[in-house]
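Peer 1: My structure is in upload.cif, and what it holds is mmCIF, C-alpha atoms:
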```
data_model
#
loop_
_atom_site.group_PDB
_atom_site.id
_atom_site.type_symbol
_atom_site.label_atom_id
_atom_site.label_comp_id
_atom_site.auth_asym_id
_atom_site.auth_seq_id
_atom_site.Cartn_x
_atom_site.Cartn_y
_atom_site.Cartn_z
ATOM 1 C CA MET C 3 -16.792 -0.371 19.281
ATOM 2 C CA ASP C 4 -15.123 1.583 16.483
ATOM 3 C CA ILE C 5 -11.469 2.485 16.075
ATOM 4 C CA ALA C 6 -9.494 4.150 13.287
ATOM 5 C CA GLY C 7 -5.922 5.090 12.612
ATOM 6 C CA ALA C 8 -3.267 5.941 10.052
ATOM 7 C CA TYR C 9 0.408 5.091 9.605
ATOM 8 C CA ARG C 10 2.970 6.519 7.200
ATOM 9 C CA ILE C 11 5.251 3.709 6.031
ATOM 10 C CA PRO C 12 8.463 4.650 4.161
ATOM 11 C CA VAL C 13 8.162 2.053 1.377
ATOM 12 C CA ALA C 14 6.213 1.758 -1.871
ATOM 13 C CA ARG C 15 2.553 0.761 -1.720
ATOM 14 C CA GLU C 16 3.203 -2.536 -3.558
ATOM 15 C CA ALA C 17 5.669 -3.618 -0.830
ATOM 16 C CA VAL C 18 3.150 -2.737 1.908
ATOM 17 C CA TRP C 19 0.457 -4.687 0.034
ATOM 18 C CA ALA C 20 2.750 -7.731 -0.241
ATOM 19 C CA ALA C 21 3.514 -7.590 3.497
ATOM 20 C CA LEU C 22 -0.196 -7.295 4.375
ATOM 21 C CA ASN C 23 -0.720 -10.568 2.510
ATOM 22 C CA ASP C 24 2.289 -12.418 3.969
ATOM 23 C CA PRO C 25 1.276 -14.715 6.869
ATOM 24 C CA GLU C 26 4.846 -14.727 8.266
ATOM 25 C CA VAL C 27 4.939 -10.925 8.500
ATOM 26 C CA LEU C 28 1.436 -10.795 9.966
ATOM 27 C CA ALA C 29 2.206 -13.494 12.566
ATOM 28 C CA ARG C 30 5.192 -11.462 13.825
ATOM 29 C CA CYS C 31 3.024 -8.339 14.160
ATOM 30 C CA ILE C 32 -0.231 -9.689 15.651
ATOM 31 C CA PRO C 33 -0.106 -9.250 19.446
ATOM 32 C CA GLY C 34 -0.133 -12.641 21.178
ATOM 33 C CA CYS C 35 -0.126 -14.622 17.916
ATOM 34 C CA LYS C 36 0.680 -18.277 18.573
ATOM 35 C CA GLU C 37 -0.195 -19.564 15.098
ATOM 36 C CA LEU C 38 -1.295 -18.138 11.742
ATOM 37 C CA VAL C 39 -1.973 -20.520 8.878
ATOM 38 C CA GLN C 40 -2.997 -19.509 5.369
ATOM 39 C CA VAL C 41 -5.834 -21.824 4.300
ATOM 40 C CA SER C 42 -6.432 -20.118 0.938
ATOM 41 C CA PRO C 43 -5.448 -16.811 -0.687
ATOM 42 C CA GLU C 44 -8.444 -15.228 1.061
ATOM 43 C CA GLU C 45 -8.545 -17.053 4.413
ATOM 44 C CA MET C 46 -6.302 -17.708 7.420
ATOM 45 C CA THR C 47 -6.793 -19.477 10.725
ATOM 46 C CA ALA C 48 -5.201 -18.137 13.884
ATOM 47 C CA LYS C 49 -4.570 -18.810 17.564
ATOM 48 C CA VAL C 50 -3.974 -15.694 19.631
ATOM 49 C CA ALA C 51 -3.374 -15.419 23.398
ATOM 50 C CA LEU C 52 -4.697 -12.162 24.872
ATOM 51 C CA LYS C 53 -5.194 -10.593 28.256
ATOM 52 C CA VAL C 54 -8.044 -8.120 28.594
ATOM 53 C CA GLY C 55 -8.115 -6.670 32.088
ATOM 54 C CA PRO C 56 -8.245 -9.658 34.455
ATOM 55 C CA VAL C 57 -9.324 -12.116 31.716
ATOM 56 C CA SER C 58 -6.713 -14.163 29.828
ATOM 57 C CA ALA C 59 -7.685 -16.488 27.012
ATOM 58 C CA THR C 60 -6.469 -18.104 23.831
ATOM 59 C CA PHE C 61 -8.749 -17.332 20.933
ATOM 60 C CA ALA C 62 -9.008 -19.647 17.935
ATOM 61 C CA GLY C 63 -10.590 -18.213 14.845
ATOM 62 C CA THR C 64 -10.514 -17.231 11.212
ATOM 63 C CA VAL C 65 -9.734 -14.139 9.188
ATOM 64 C CA ARG C 66 -11.193 -13.709 5.722
ATOM 65 C CA LEU C 67 -9.964 -11.133 3.199
ATOM 66 C CA GLU C 68 -12.763 -9.541 1.197
ATOM 67 C CA ASP C 69 -13.180 -6.701 -1.292
ATOM 68 C CA MET C 70 -9.565 -7.132 -2.397
ATOM 69 C CA ARG C 71 -8.265 -4.217 -4.506
ATOM 70 C CA PRO C 72 -4.531 -4.860 -5.042
ATOM 71 C CA PRO C 73 -2.558 -2.757 -4.107
ATOM 72 C CA GLU C 74 -5.169 -0.303 -2.760
ATOM 73 C CA GLY C 75 -6.574 -2.296 0.149
ATOM 74 C CA TYR C 76 -9.090 -4.823 1.387
ATOM 75 C CA SER C 77 -11.530 -5.647 4.147
ATOM 76 C CA LEU C 78 -10.748 -8.166 6.869
ATOM 77 C CA VAL C 79 -13.560 -10.070 8.515
ATOM 78 C CA GLY C 80 -12.605 -12.088 11.565
ATOM 79 C CA GLN C 81 -14.042 -14.055 14.415
ATOM 80 C CA GLY C 82 -12.520 -15.864 17.338
ATOM 81 C CA ASN C 83 -13.722 -17.981 20.224
ATOM 82 C CA GLY C 84 -11.960 -17.900 23.580
ATOM 83 C CA GLY C 85 -13.990 -20.611 25.289
ATOM 84 C CA MET C 86 -15.382 -19.476 28.636
ATOM 85 C CA ALA C 87 -13.779 -16.035 28.155
ATOM 86 C CA GLY C 88 -16.159 -15.322 25.300
ATOM 87 C CA PHE C 89 -15.925 -14.408 21.654
ATOM 88 C CA ALA C 90 -14.814 -11.553 19.456
ATOM 89 C CA LYS C 91 -15.723 -10.703 15.900
ATOM 90 C CA GLY C 92 -15.084 -7.735 13.724
ATOM 91 C CA ARG C 93 -14.480 -6.118 10.392
ATOM 92 C CA ALA C 94 -11.709 -3.746 9.333
ATOM 93 C CA ALA C 95 -11.207 -1.773 6.133
ATOM 94 C CA VAL C 96 -7.546 -1.183 5.251
ATOM 95 C CA SER C 97 -6.586 1.347 2.562
ATOM 96 C CA LEU C 98 -3.174 2.079 1.082
ATOM 97 C CA ALA C 99 -2.430 5.402 -0.620
ATOM 98 C CA ALA C 100 0.815 5.993 -2.488
ATOM 99 C CA GLU C 101 2.480 9.275 -1.506
ATOM 100 C CA GLY C 102 5.739 9.602 -3.369
ATOM 101 C CA GLY C 103 7.895 6.662 -2.320
ATOM 102 C CA GLU C 104 5.893 6.223 0.876
ATOM 103 C CA THR C 105 2.541 4.660 1.713
ATOM 104 C CA LEU C 106 -0.203 6.035 3.905
ATOM 105 C CA LEU C 107 -1.999 3.094 5.511
ATOM 106 C CA THR C 108 -5.388 3.951 7.021
ATOM 107 C CA TYR C 109 -7.841 1.664 8.736
ATOM 108 C CA THR C 110 -11.273 1.707 10.296
ATOM 109 C CA ALA C 111 -12.478 -1.202 12.378
ATOM 110 C CA LYS C 112 -15.602 -2.319 14.174
ATOM 111 C CA ALA C 113 -15.497 -5.022 16.819
ATOM 112 C CA GLU C 114 -18.054 -6.895 18.895
ATOM 113 C CA VAL C 115 -17.350 -9.025 21.947
ATOM 114 C CA GLY C 116 -19.499 -11.328 24.019
ATOM 115 C CA GLY C 117 -19.225 -13.567 27.047
ATOM 116 C CA LYS C 118 -17.056 -12.904 30.075
ATOM 117 C CA ILE C 119 -14.877 -10.318 28.329
ATOM 118 C CA ALA C 120 -17.966 -8.282 27.426
ATOM 119 C CA THR C 121 -18.690 -7.778 31.127
ATOM 120 C CA LEU C 122 -15.466 -5.767 31.517
ATOM 121 C CA GLY C 123 -17.076 -2.608 30.200
ATOM 122 C CA GLY C 124 -16.892 -0.480 27.105
ATOM 123 C CA ARG C 125 -14.062 1.821 28.203
ATOM 124 C CA LEU C 126 -11.678 -1.051 28.967
ATOM 125 C CA MET C 127 -12.627 -2.847 25.754
ATOM 126 C CA GLN C 128 -12.160 0.344 23.690
ATOM 127 C CA ALA C 129 -8.764 1.021 25.276
ATOM 128 C CA THR C 130 -7.681 -2.599 24.746
ATOM 129 C CA ALA C 131 -8.832 -2.630 21.119
ATOM 130 C CA ARG C 132 -6.957 0.621 20.417
ATOM 131 C CA LYS C 133 -3.823 -0.705 22.177
ATOM 132 C CA LEU C 134 -3.888 -3.953 20.168
ATOM 133 C CA ALA C 135 -4.446 -2.120 16.865
ATOM 134 C CA ASP C 136 -1.656 0.353 17.639
ATOM 135 C CA GLU C 137 0.674 -2.486 18.645
ATOM 136 C CA PHE C 138 -0.059 -4.433 15.439
ATOM 137 C CA PHE C 139 0.303 -1.477 13.068
ATOM 138 C CA GLY C 140 3.318 -0.139 14.978
ATOM 139 C CA LYS C 141 5.114 -3.497 14.620
ATOM 140 C CA PHE C 142 3.991 -3.734 10.993
ATOM 141 C CA ALA C 143 5.305 -0.253 10.162
ATOM 142 C CA ALA C 144 8.588 -0.997 11.992
ATOM 143 C CA ALA C 145 8.969 -4.287 10.089
ATOM 144 C CA LEU C 146 8.823 -2.274 6.864
ATOM 145 C CA GLY C 147 11.409 0.266 7.982
ATOM 146 C CA ALA C 148 9.450 3.007 9.719
ATOM 147 C CA THR C 149 11.707 5.084 11.942
ATOM 148 C CA GLY C 150 10.927 7.237 14.934
ATOM 149 C CA ASP C 151 8.048 6.113 17.129
ATOM 150 C CA PRO C 152 5.813 3.814 15.047
ATOM 151 C CA ALA C 153 3.621 3.295 18.109
ATOM 152 C CA ALA C 154 2.532 6.943 17.936
ATOM 153 C CA PRO C 155 0.151 6.937 14.960
ATOM 154 C CA ARG C 156 -2.584 9.362 14.156
ATOM 155 C CA SER C 157 -5.298 7.185 15.672
ATOM 156 C CA ALA C 158 -8.700 8.252 16.834
ATOM 157 C CA GLU C 159 -12.066 6.910 17.771
ATOM 158 C CA ALA C 160 -14.403 6.819 14.825
#
```
Output the file's structure as structure tokens, nothing else.
Peer 2:
Amino acid sequence: MDIAGAYRIPVAREAVWAALNDPEVLARCIPGCKELVQVSPEEMTAKVALKVGPVSATFAGTVRLEDMRPPEGYSLVGQGNGGMAGFAKGRAAVSLAAEGGETLLTYTAKAEVGGKIATLGGRLMQATARKLADEFFGKFAAALGATGDPAAPRSAEA
């Protein structure tokens, strides 16, 4: 499944870049995050509790930062295992464009799921993925001072 979106954040690109690389900021913004530990400058481990339709699970996994272009963006490659609930893995490209004193954050992401959660169907998975992405980026934008409704981004299916 593919998702994409954009957020206008009212701070300089360098501040957005710093926040995107701060495990404490990320942990507060990731839906269901129970733990986020930076293992190296390019890798973090995480435990995230999620509910997808009738299936609830805690996923343990890793996130690796690749193709780092400070302060322009990077790619995130992640995978998580939720035991009997199944697995999820994906890749997201995050880009930051300076626009005056603001930053336009855009992302495109591809995700793959397997196991019990994969049996829930594409429409539910797509809606859940979009909701989680919007929740994360909405909290992230709000943490950096976005006003108005940060949960109403310009997001679309890719």
Peer 1: Once the PyMOL selection byres ((chain C and resi 39) around 12) is applied to the coordinates I shared, what remains selected? I want it as a PyMOL selection string.
Peer 2: chain C and resi 23-29+35-38+40-50+62-66
Peer 1: Name every residue that the PyMOL selection byres ((chain C and resi 96) around 10) selects in this structure, writing the answer as a list in words with chains first and numbers rising.
Peer 2: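 For this structure, the PyMOL selection byres ((chain C and resi 96) around 10) resolves to Ala6, Gly7, Ala8, Leu22, Met70, Glu74, Gly75, Tyr76, Ser77, Leu78, Arg93, Ala94, Ala95, Ser97, Leu98, Leu107, Thr108, Tyr109, Thr110 and Ala111 of chain C.
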Peer 1: At a cut-off of 8 Å, using only C-alpha atoms, what residues contact stretch 118-123 of chain C? Leave out same-chain residues fewer than 3 positions from it and give the result as a list of chain:residue names.
Peer 2: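 Near neighbours after the sequence-gap exclusion: C:Val54, C:Gly55, C:Val57, C:Met86, C:Ala87, C:Gly88, C:Phe89, C:Val115, C:Leu126, C:Met127.
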Peer 1: Hey, can you spit out that residue selection with C-alpha atoms as a compact mmCIF listing (two decimals), in the coordinates of the input?
Peer 2:
```txt
# COMPACT_ATOMS: atom_id res chain seq x y z
CA VAL C 54 -8.04 -8.12 28.59
CA GLY C 55 -8.12 -6.67 32.09
CA VAL C 57 -9.32 -12.12 31.72
CA MET C 86 -15.38 -19.48 28.64
CA ALA C 87 -13.78 -16.04 28.16
CA GLY C 88 -16.16 -15.32 25.30
CA PHE C 89 -15.92 -14.41 21.65
CA VAL C 115 -17.35 -9.02 21.95
CA LEU C 126 -11.68 -1.05 28.97
CA MET C 127 -12.63 -2.85 25.75
```
Peer 1: Quick check, in Å to one decimal: how far apart do atom CA of C:Asn83 and atom CA of C:Gly140 lie?
Peer 2: 25.2 Å
Peer 1: At a cut-off of 6 Å, using only C-alpha atoms, what residues contact C:Leu52? Leave out same-chain residues fewer than 5 positions from it and give the result as a list in words.
Peer 2: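 Once the nearby chain positions are removed, what remains is Gly34, Ser58 and Ala59 of chain C.
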Peer 1: Can you pull out the residues contacting stretch 100-102 of chain C? Cut-off 12 Å, using all atoms listed in the file, and skip same-chain residues under 4 positions away; I want them as a list of chain:residue names.
Peer 2: C:Arg10, C:Ile11, C:Pro12, C:Val13, C:Ala14, C:Arg15, C:Glu16, C:Ala17, C:Val18, C:Trp19, C:Pro73, C:Glu74, C:Gly75, C:Leu106, C:Leu107, C:Thr108
Peer 1: What's the separation between atom CA of C:Gly116 and atom CA of C:Leu134, in Å to one decimal place?
Peer 2: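 Value for the atom CA of C:Gly116-atom CA of C:Leu134 distance: 17.7 Å.
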Peer 1: Identify which of the residues C:Lys91, C:Pro33, C:Val79, C:Ala131 lies closest to C:Leu67, counting all atoms listed in the file when measuring atom-to-atom distances.
Peer 2: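 Among the listed residues, the smallest separation from C:Leu67 belongs to C:Val79.
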Peer 1: Please measure the separation of atom CA of C:Phe139 and atom CA of C:Ile32, giving the value in Å to one decimal.
Peer 2: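 Calculated distance between atom CA of C:Phe139 and atom CA of C:Ile32 is 8.6 Å.
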Peer 1: Quick test: take stretch 8-157 of chain C, keep C-alpha atoms, and write it as a PDB file, in the first residue's frame.
Peer 2:
```pdb
ATOM      1  CA  ALA C   8       2.491  17.087   3.128  1.00  0.00           C
ATOM      2  CA  TYR C   9       2.613  19.347   6.178  1.00  0.00           C
ATOM      3  CA  ARG C  10       3.539  23.013   6.466  1.00  0.00           C
ATOM      4  CA  ILE C  11       5.467  23.539   9.702  1.00  0.00           C
ATOM      5  CA  PRO C  12       6.047  27.136  10.894  1.00  0.00           C
ATOM      6  CA  VAL C  13       9.732  26.737  11.813  1.00  0.00           C
ATOM      7  CA  ALA C  14      13.022  26.707   9.914  1.00  0.00           C
ATOM      8  CA  ARG C  15      14.031  23.554   8.057  1.00  0.00           C
ATOM      9  CA  GLU C  16      17.062  22.985  10.329  1.00  0.00           C
ATOM     10  CA  ALA C  17      14.779  22.833  13.404  1.00  0.00           C
ATOM     11  CA  VAL C  18      12.461  20.343  11.661  1.00  0.00           C
ATOM     12  CA  TRP C  19      15.490  18.243  10.669  1.00  0.00           C
ATOM     13  CA  ALA C  20      16.757  18.238  14.275  1.00  0.00           C
ATOM     14  CA  ALA C  21      13.333  17.141  15.558  1.00  0.00           C
ATOM     15  CA  LEU C  22      13.111  14.347  12.956  1.00  0.00           C
ATOM     16  CA  ASN C  23      16.366  12.995  14.382  1.00  0.00           C
ATOM     17  CA  ASP C  24      15.442  13.364  18.072  1.00  0.00           C
ATOM     18  CA  PRO C  25      14.220  10.051  19.570  1.00  0.00           C
ATOM     19  CA  GLU C  26      12.375  11.870  22.396  1.00  0.00           C
ATOM     20  CA  VAL C  27      10.351  13.966  19.942  1.00  0.00           C
ATOM     21  CA  LEU C  28       9.664  10.955  17.729  1.00  0.00           C
ATOM     22  CA  ALA C  29       8.567   8.782  20.681  1.00  0.00           C
ATOM     23  CA  ARG C  30       5.976  11.411  21.683  1.00  0.00           C
ATOM     24  CA  CYS C  31       4.597  11.520  18.126  1.00  0.00           C
ATOM     25  CA  ILE C  32       4.546   7.836  17.095  1.00  0.00           C
ATOM     26  CA  PRO C  33       1.047   6.439  17.740  1.00  0.00           C
ATOM     27  CA  GLY C  34       1.172   3.723  20.407  1.00  0.00           C
ATOM     28  CA  CYS C  35       4.920   4.100  21.017  1.00  0.00           C
ATOM     29  CA  LYS C  36       5.945   2.301  24.202  1.00  0.00           C
ATOM     30  CA  GLU C  37       9.707   2.557  23.677  1.00  0.00           C
ATOM     31  CA  LEU C  38      12.119   4.131  21.184  1.00  0.00           C
ATOM     32  CA  VAL C  39      15.840   3.629  21.673  1.00  0.00           C
ATOM     33  CA  GLN C  40      18.567   5.091  19.481  1.00  0.00           C
ATOM     34  CA  VAL C  41      21.102   2.319  18.817  1.00  0.00           C
ATOM     35  CA  SER C  42      23.294   4.399  16.485  1.00  0.00           C
ATOM     36  CA  PRO C  43      22.944   7.679  14.571  1.00  0.00           C
ATOM     37  CA  GLU C  44      21.230   5.706  11.795  1.00  0.00           C
ATOM     38  CA  GLU C  45      19.230   3.082  13.715  1.00  0.00           C
ATOM     39  CA  MET C  46      16.545   2.889  16.408  1.00  0.00           C
ATOM     40  CA  THR C  47      14.629   0.050  18.007  1.00  0.00           C
ATOM     41  CA  ALA C  48      10.983   0.460  18.928  1.00  0.00           C
ATOM     42  CA  LYS C  49       8.019  -1.160  20.656  1.00  0.00           C
ATOM     43  CA  VAL C  50       4.651   0.061  19.432  1.00  0.00           C
ATOM     44  CA  ALA C  51       1.169  -1.087  20.516  1.00  0.00           C
ATOM     45  CA  LEU C  52      -1.407  -0.840  17.717  1.00  0.00           C
ATOM     46  CA  LYS C  53      -4.976  -1.843  17.071  1.00  0.00           C
ATOM     47  CA  VAL C  54      -5.924  -2.571  13.476  1.00  0.00           C
ATOM     48  CA  GLY C  55      -9.609  -3.398  13.233  1.00  0.00           C
ATOM     49  CA  PRO C  56     -10.203  -6.248  15.697  1.00  0.00           C
ATOM     50  CA  VAL C  57      -6.482  -7.125  15.986  1.00  0.00           C
ATOM     51  CA  SER C  58      -4.357  -5.616  18.775  1.00  0.00           C
ATOM     52  CA  ALA C  59      -0.651  -6.310  19.032  1.00  0.00           C
ATOM     53  CA  THR C  60       2.634  -4.930  20.260  1.00  0.00           C
ATOM     54  CA  PHE C  61       5.176  -4.747  17.486  1.00  0.00           C
ATOM     55  CA  ALA C  62       8.904  -4.861  18.195  1.00  0.00           C
ATOM     56  CA  GLY C  63      11.171  -3.737  15.419  1.00  0.00           C
ATOM     57  CA  THR C  64      13.819  -1.476  13.988  1.00  0.00           C
ATOM     58  CA  VAL C  65      13.950   1.724  11.987  1.00  0.00           C
ATOM     59  CA  ARG C  66      16.995   2.540   9.891  1.00  0.00           C
ATOM     60  CA  LEU C  67      17.720   5.987   8.440  1.00  0.00           C
ATOM     61  CA  GLU C  68      19.196   5.865   4.949  1.00  0.00           C
ATOM     62  CA  ASP C  69      20.065   8.310   2.174  1.00  0.00           C
ATOM     63  CA  MET C  70      20.565  11.064   4.751  1.00  0.00           C
ATOM     64  CA  ARG C  71      20.759  14.562   3.214  1.00  0.00           C
ATOM     65  CA  PRO C  72      20.848  17.020   6.145  1.00  0.00           C
ATOM     66  CA  PRO C  73      18.686  19.138   6.317  1.00  0.00           C
ATOM     67  CA  GLU C  74      16.834  18.104   3.130  1.00  0.00           C
ATOM     68  CA  GLY C  75      15.532  14.687   4.149  1.00  0.00           C
ATOM     69  CA  TYR C  76      16.123  10.966   4.374  1.00  0.00           C
ATOM     70  CA  SER C  77      14.581   7.561   3.844  1.00  0.00           C
ATOM     71  CA  LEU C  78      13.293   5.442   6.711  1.00  0.00           C
ATOM     72  CA  VAL C  79      13.291   1.682   6.399  1.00  0.00           C
ATOM     73  CA  GLY C  80      11.450  -0.185   9.122  1.00  0.00           C
ATOM     74  CA  GLN C  81      10.192  -3.582  10.089  1.00  0.00           C
ATOM     75  CA  GLY C  82       8.259  -4.884  13.039  1.00  0.00           C
ATOM     76  CA  ASN C  83       6.998  -8.218  14.280  1.00  0.00           C
ATOM     77  CA  GLY C  84       3.750  -8.489  16.217  1.00  0.00           C
ATOM     78  CA  GLY C  85       3.936 -12.193  17.014  1.00  0.00           C
ATOM     79  CA  MET C  86       0.767 -14.039  16.025  1.00  0.00           C
ATOM     80  CA  ALA C  87      -0.745 -10.779  14.712  1.00  0.00           C
ATOM     81  CA  GLY C  88       1.806 -10.719  11.917  1.00  0.00           C
ATOM     82  CA  PHE C  89       4.469  -8.380  10.641  1.00  0.00           C
ATOM     83  CA  ALA C  90       4.803  -5.006   8.992  1.00  0.00           C
ATOM     84  CA  LYS C  91       7.626  -3.534   6.978  1.00  0.00           C
ATOM     85  CA  GLY C  92       7.973  -0.432   4.926  1.00  0.00           C
ATOM     86  CA  ARG C  93       9.964   2.414   3.504  1.00  0.00           C
ATOM     87  CA  ALA C  94       9.246   6.142   3.603  1.00  0.00           C
ATOM     88  CA  ALA C  95      10.972   9.057   1.898  1.00  0.00           C
ATOM     89  CA  VAL C  96      10.787  12.316   3.865  1.00  0.00           C
ATOM     90  CA  SER C  97      11.726  15.628   2.220  1.00  0.00           C
ATOM     91  CA  LEU C  98      12.032  19.067   3.783  1.00  0.00           C
ATOM     92  CA  ALA C  99      11.784  22.226   1.672  1.00  0.00           C
ATOM     93  CA  ALA C 100      12.522  25.648   3.126  1.00  0.00           C
ATOM     94  CA  GLU C 101       9.814  28.195   2.294  1.00  0.00           C
ATOM     95  CA  GLY C 102      10.671  31.476   3.936  1.00  0.00           C
ATOM     96  CA  GLY C 103      10.774  30.831   7.674  1.00  0.00           C
ATOM     97  CA  GLU C 104       8.594  27.746   7.288  1.00  0.00           C
ATOM     98  CA  THR C 105       9.225  24.174   6.185  1.00  0.00           C
ATOM     99  CA  LEU C 106       7.182  22.055   3.826  1.00  0.00           C
ATOM    100  CA  LEU C 107       7.523  18.430   4.919  1.00  0.00           C
ATOM    101  CA  THR C 108       6.431  15.886   2.304  1.00  0.00           C
ATOM    102  CA  TYR C 109       6.487  12.126   2.519  1.00  0.00           C
ATOM    103  CA  THR C 110       5.747   9.072   0.436  1.00  0.00           C
ATOM    104  CA  ALA C 111       5.554   5.655   2.029  1.00  0.00           C
ATOM    105  CA  LYS C 112       5.106   2.053   1.000  1.00  0.00           C
ATOM    106  CA  ALA C 113       4.094  -0.601   3.500  1.00  0.00           C
ATOM    107  CA  GLU C 114       3.662  -4.364   3.442  1.00  0.00           C
ATOM    108  CA  VAL C 115       1.918  -6.468   6.066  1.00  0.00           C
ATOM    109  CA  GLY C 116       1.618 -10.191   6.585  1.00  0.00           C
ATOM    110  CA  GLY C 117       0.026 -12.642   8.974  1.00  0.00           C
ATOM    111  CA  LYS C 118      -3.290 -12.153  10.730  1.00  0.00           C
ATOM    112  CA  ILE C 119      -3.412  -8.400  10.113  1.00  0.00           C
ATOM    113  CA  ALA C 120      -3.041  -8.974   6.367  1.00  0.00           C
ATOM    114  CA  THR C 121      -6.336 -10.877   6.353  1.00  0.00           C
ATOM    115  CA  LEU C 122      -8.212  -7.700   7.340  1.00  0.00           C
ATOM    116  CA  GLY C 123      -8.286  -6.433   3.777  1.00  0.00           C
ATOM    117  CA  GLY C 124      -6.666  -3.698   1.768  1.00  0.00           C
ATOM    118  CA  ARG C 125      -9.219  -0.952   2.443  1.00  0.00           C
ATOM    119  CA  LEU C 126      -8.945  -1.272   6.230  1.00  0.00           C
ATOM    120  CA  MET C 127      -5.153  -1.471   6.055  1.00  0.00           C
ATOM    121  CA  GLN C 128      -4.976   1.586   3.758  1.00  0.00           C
ATOM    122  CA  ALA C 129      -7.280   3.587   6.037  1.00  0.00           C
ATOM    123  CA  THR C 130      -5.301   2.539   9.127  1.00  0.00           C
ATOM    124  CA  ALA C 131      -1.954   3.381   7.523  1.00  0.00           C
ATOM    125  CA  ARG C 132      -3.235   6.823   6.479  1.00  0.00           C
ATOM    126  CA  LYS C 133      -4.690   7.437   9.970  1.00  0.00           C
ATOM    127  CA  LEU C 134      -1.404   6.481  11.669  1.00  0.00           C
ATOM    128  CA  ALA C 135       0.669   8.632   9.293  1.00  0.00           C
ATOM    129  CA  ASP C 136      -1.678  11.595   9.750  1.00  0.00           C
ATOM    130  CA  GLU C 137      -1.619  11.146  13.530  1.00  0.00           C
ATOM    131  CA  PHE C 138       2.199  11.007  13.611  1.00  0.00           C
ATOM    132  CA  PHE C 139       2.771  14.001  11.329  1.00  0.00           C
ATOM    133  CA  GLY C 140      -0.057  15.962  12.968  1.00  0.00           C
ATOM    134  CA  LYS C 141       1.521  15.475  16.419  1.00  0.00           C
ATOM    135  CA  PHE C 142       4.960  16.220  14.974  1.00  0.00           C
ATOM    136  CA  ALA C 143       3.783  19.465  13.352  1.00  0.00           C
ATOM    137  CA  ALA C 144       1.965  20.476  16.569  1.00  0.00           C
ATOM    138  CA  ALA C 145       5.097  19.755  18.633  1.00  0.00           C
ATOM    139  CA  LEU C 146       6.944  22.257  16.442  1.00  0.00           C
ATOM    140  CA  GLY C 147       4.305  24.960  16.788  1.00  0.00           C
ATOM    141  CA  ALA C 148       1.863  24.359  13.952  1.00  0.00           C
ATOM    142  CA  THR C 149      -1.448  26.070  14.630  1.00  0.00           C
ATOM    143  CA  GLY C 150      -4.906  25.379  13.301  1.00  0.00           C
ATOM    144  CA  ASP C 151      -5.738  21.761  12.539  1.00  0.00           C
ATOM    145  CA  PRO C 152      -2.448  19.875  12.058  1.00  0.00           C
ATOM    146  CA  ALA C 153      -4.439  16.676  11.563  1.00  0.00           C
ATOM    147  CA  ALA C 154      -5.826  18.055   8.293  1.00  0.00           C
ATOM    148  CA  PRO C 155      -2.828  17.767   5.957  1.00  0.00           C
ATOM    149  CA  ARG C 156      -2.792  17.611   2.218  1.00  0.00           C
ATOM    150  CA  SER C 157      -2.570  13.823   2.130  1.00  0.00           C
TER     151      SER C 157
END
```
